[in-house]
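Inspection log for the structure reproduced underneath, given as structure tokens.
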Protein chains: 2
Amino acid sequence: MSATGRGRFVTLEGGEGAGKTTLARSLCARLAAAGHPVLRTREPGGAPGAEAVRALLLGAPAGVEWNPMSEALLVSAARREHVAATVAPMLRAGGWVVCDRFTDSTLAYQGIAGGLGREACERLAAMATGGLRPDLTLVVDVPVATGLLRARMRGEQNRFEARGVAFHGRVRDAFRAIAAADPGRCVVLDGAASAEAVLEAALAALRARLGAPLGLRLGPTAGDAG
Amino acid sequence: MSATGRGRFVTLEGGEGAGKTTLARSLCARLAAAGHPVLRTREPGGAPGAEAVRALLLGAPAGVEWNPMSEALLVSAARREHVAATVAPMLRAGGWVVCDRFTDSTLAYQGIAGGLGREACERLAAMATGGLRPDLTLVVDVPVATGLLRARMRGEQNRFEARGVAFHGRVRDAFRAIAAADPGRCVVLDGAASAEAVLEAALAALRARLGAPLGLRLGPTAGDAG
């Protein structure tokens, strides 16, 4: 039994271009193939109200440059909607939820890199989540230059990606510090490795941290299929 | 010298149809006529980012029914923008700010009537305002039926106005309780009186609470012009 209900709540964290989206997709495919009901979602967003807030955050109206506190409040409003409408019901129903970004992103981006501070982020996290915490957080770590290059090659550039190398360096350091401070919940994965290697490392973390009864079947490259 | 800088910060609070907008307009006209630089503003809104959040709150996307915590977080994000971009600069410049709704509305609507509780609202208020508090709060009080009738006659019906008599009764009680608990800051005005009488009562409160040096000239109906 998970602290989050009968289901399992896994969050993926990391900077731009770390490969979280690719990992989320492949991880969910493996979980589904192993017979687990699984929901893939991401923040900000994942519920109708939360998606409306996401649009405000990523495509701010002309002339608007949100300050870190406003950003943290908006992200938290979206999170409250996402948890209540999407994440918590799935966990109560016994499913897995794999979520691309959660409270650690607020702490890394607004709290640490943005200078808002840890205390405000922790208070907002408590309000937005009602105390829900991930069972496992996979921090996908890549050098800043690698991540930004990947993000550019994707052809996307949102307000966060546009913030410059120094900011993203602070974000990377923040995620590593968050993981180091909470080793019972967080596992750092080497996002510079191949997508297959990142997936296998993630599956190994799921087995080690969330227990063998998950029935995860590893792919042939891991040598222990069947 | 005000606690809010060199200027004066006056907030108007109360339920739907209490007459806050009319009072704000006439009060600002009197302050301007007395030679004070004055800014009339209202929440949620009053800055570009805050107006974008207001649109989300009052005209929620189809299928979205914000819960009180999400509402309070969104309002607080708008407030952070409003205070930083609009209110604080005017106060620092020595002007008056007359603001239609502020933190007391969050406490009354989401905190008390909506059931979110006082503590969350107070924490959010501290985050959103950076500690800025009104020098004077005028709570315009009208019976719920009167207020809702006025709001309907205005032809407006937003999500808050549509919430039913019992909810608005809790809002009215909440505002009266807030005023009773903070008599050094709050003055309750009888919003069922004529607009002229409400204005004169407001001006009397400004003179009594914020001091004679304001140079306010009362209108002829008050009998002490000149």
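Chain labels follow the order of the structure tokens: the first chain is A, the next B, and so on; residue numbering restarts at 1 in every chain, and ligands are counted from 1 in their shown order.
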
Item to check | Close residues, stretch 152-156 of chain B itself excluded, 12 Å, only C-alpha atoms, min 3 positions apart in chain, as a ChimeraX atom specification | outcome: /B:16-19,21,58,145-149,159-162

Save the residues we just selected, N, CA and C atoms, as an mmCIF file, in the first residue's frame?
data_model
loop_
_atom_site.group_PDB
_atom_site.id
_atom_site.type_symbol
_atom_site.label_atom_id
_atom_site.label_comp_id
_atom_site.auth_asym_id
_atom_site.auth_seq_id
_atom_site.Cartn_x
_atom_site.Cartn_y
_atom_site.Cartn_z
ATOM 1 N N GLU B 16 -21.614 41.335 -3.266
ATOM 2 C CA GLU B 16 -22.081 41.776 -4.590
ATOM 3 C C GLU B 16 -23.138 42.865 -4.420
ATOM 4 N N GLY B 17 -23.063 43.895 -5.258
ATOM 5 C CA GLY B 17 -24.094 44.931 -5.256
ATOM 6 C C GLY B 17 -24.097 45.815 -4.022
ATOM 7 N N ALA B 18 -22.984 45.826 -3.294
ATOM 8 C CA ALA B 18 -22.923 46.657 -2.085
ATOM 9 C C ALA B 18 -22.756 48.131 -2.430
ATOM 10 N N GLY B 19 -22.277 48.403 -3.629
ATOM 11 C CA GLY B 19 -22.061 49.796 -4.034
ATOM 12 C C GLY B 19 -20.607 50.219 -3.952
ATOM 13 N N THR B 21 -18.225 49.962 -6.185
ATOM 14 C CA THR B 21 -17.702 50.610 -7.396
ATOM 15 C C THR B 21 -18.119 52.078 -7.440
ATOM 16 N N LEU B 58 -13.241 34.788 -13.603
ATOM 17 C CA LEU B 58 -14.647 35.192 -13.766
ATOM 18 C C LEU B 58 -15.301 34.482 -14.943
ATOM 19 N N ALA B 145 -30.259 40.313 -0.089
ATOM 20 C CA ALA B 145 -31.289 40.462 -1.127
ATOM 21 C C ALA B 145 -31.106 41.783 -1.876
ATOM 22 N N THR B 146 -30.801 42.834 -1.133
ATOM 23 C CA THR B 146 -30.579 44.150 -1.756
ATOM 24 C C THR B 146 -29.386 44.102 -2.705
ATOM 25 N N GLY B 147 -28.319 43.520 -2.235
ATOM 26 C CA GLY B 147 -27.112 43.459 -3.051
ATOM 27 C C GLY B 147 -27.315 42.646 -4.312
ATOM 28 N N LEU B 148 -27.949 41.489 -4.178
ATOM 29 C CA LEU B 148 -28.130 40.641 -5.363
ATOM 30 C C LEU B 148 -29.088 41.284 -6.362
ATOM 31 N N LEU B 149 -30.101 41.981 -5.846
ATOM 32 C CA LEU B 149 -31.027 42.679 -6.736
ATOM 33 C C LEU B 149 -30.289 43.762 -7.529
ATOM 34 N N ARG B 159 -19.609 34.331 -12.025
ATOM 35 C CA ARG B 159 -19.680 33.079 -11.281
ATOM 36 C C ARG B 159 -19.945 33.305 -9.802
ATOM 37 N N PHE B 160 -19.455 34.420 -9.257
ATOM 38 C CA PHE B 160 -19.637 34.642 -7.830
ATOM 39 C C PHE B 160 -21.064 35.080 -7.529
ATOM 40 N N GLU B 161 -21.582 35.928 -8.410
ATOM 41 C CA GLU B 161 -22.950 36.395 -8.174
ATOM 42 C C GLU B 161 -23.953 35.260 -8.285
ATOM 43 N N ALA B 162 -23.588 34.227 -9.056
ATOM 44 C CA ALA B 162 -24.535 33.139 -9.326
ATOM 45 C C ALA B 162 -24.605 32.118 -8.188
#

Checklist entry - Running DSSP on the backbone, which parts of stretch 10-224 of chain B land in helix (DSSP H, G or I), as a ChimeraX atom specification? => result /B:20-33,48-58,68-92,103-113,118-129,144-153,161-163,165-181,195-210,212-214,220-222

Checklist entry - Leaving out B:Pro44 and any residue of its chain fewer than 2 positions from it, which residues lie within 8 Å of it when counting only C-alpha atoms, given as an MDAnalysis selection string? => result chainID B and resid 42 46 50:51 53:54 75 78:79 101

Next on the checklist: With 12 Å as the limit and counting only C-alpha atoms, what residues in chain B lie close to chain A? Please list them as number ranges by chain.
Outcome noted: B: 47-57, 59-85, 116-117, 119-130

Could you pull out the strand (DSSP E or B) residues of chain B from DSSP and send them as a short mmCIF file (atom, residue, chain, number, x, y, z; two decimals) with C-alpha atoms, in the first residue's frame?
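What ended up in out26.cif:
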data_model
loop_
_atom_site.label_atom_id
_atom_site.label_comp_id
_atom_site.auth_asym_id
_atom_site.auth_seq_id
_atom_site.Cartn_x
_atom_site.Cartn_y
_atom_site.Cartn_z
CA SER B 2 1.78 55.63 6.36
CA GLY B 5 5.04 54.23 2.33
CA ARG B 8 -2.37 56.03 1.65
CA PHE B 9 -3.91 52.69 0.85
CA VAL B 10 -7.69 52.42 1.20
CA THR B 11 -9.55 49.23 0.36
CA LEU B 12 -13.28 48.81 -0.20
CA GLU B 13 -14.80 45.48 0.72
CA VAL B 38 -5.16 59.09 -6.52
CA LEU B 39 -5.35 55.76 -8.30
CA ARG B 40 -8.60 53.79 -8.44
CA THR B 41 -8.10 50.10 -9.00
CA ARG B 42 -9.78 46.79 -8.26
CA TRP B 96 -3.48 57.46 -2.71
CA VAL B 97 -4.67 54.07 -3.85
CA VAL B 98 -8.35 53.20 -3.57
CA CYS B 99 -8.77 49.51 -4.28
CA ASP B 100 -12.07 47.68 -4.79
CA LEU B 136 -8.10 51.86 6.07
CA THR B 137 -10.71 49.36 4.92
CA LEU B 138 -14.27 50.46 4.27
CA VAL B 139 -16.64 47.50 4.52
CA VAL B 140 -19.81 48.37 2.63
CA ASP B 141 -22.59 46.28 4.15
CA CYS B 186 -11.98 48.63 9.31
CA VAL B 187 -15.06 50.81 9.26
CA VAL B 188 -18.47 49.37 8.32
CA LEU B 189 -20.63 51.62 6.15
CA ASP B 190 -24.36 51.19 5.64
#

Item to check | Between atom CA of A:Ala29 and atom CA of A:Ala204, distance in Å (one decimal) | outcome: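 Going from atom CA of A:Ala29 over to atom CA of A:Ala204 covers 15.3 Å.
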
Checklist entry - Which one of A:Thr103, A:Gly211, A:Pro183, A:Asp135 sits closest to A:Gly14 if you count only C-alpha atoms? => result A:Thr103

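Closest approach to B:Gly15 from the set B:Ala205, B:Val171, B:Leu27, B:Ala88 is made by B:Val171, with distances taken over only C-alpha atoms.
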
Checklist entry - At what distance in Å, to one decimal, does atom CA of B:Tyr109 lie from atom CA of A:Glu43? => result 27.3 Å

Checklist entry - For A:Ala201, which of A:Leu23, A:Gly35, A:Thr86, A:Gly111 is the closest residue, counting only C-alpha atoms? => result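 Comparing A:Leu23, A:Gly35, A:Thr86, A:Gly111 against A:Ala201, the winner is A:Leu23.
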
Checklist outcome for this item: Between atom CA of B:Met90 and atom CA of B:Glu200 lies a distance of 24.9 Å
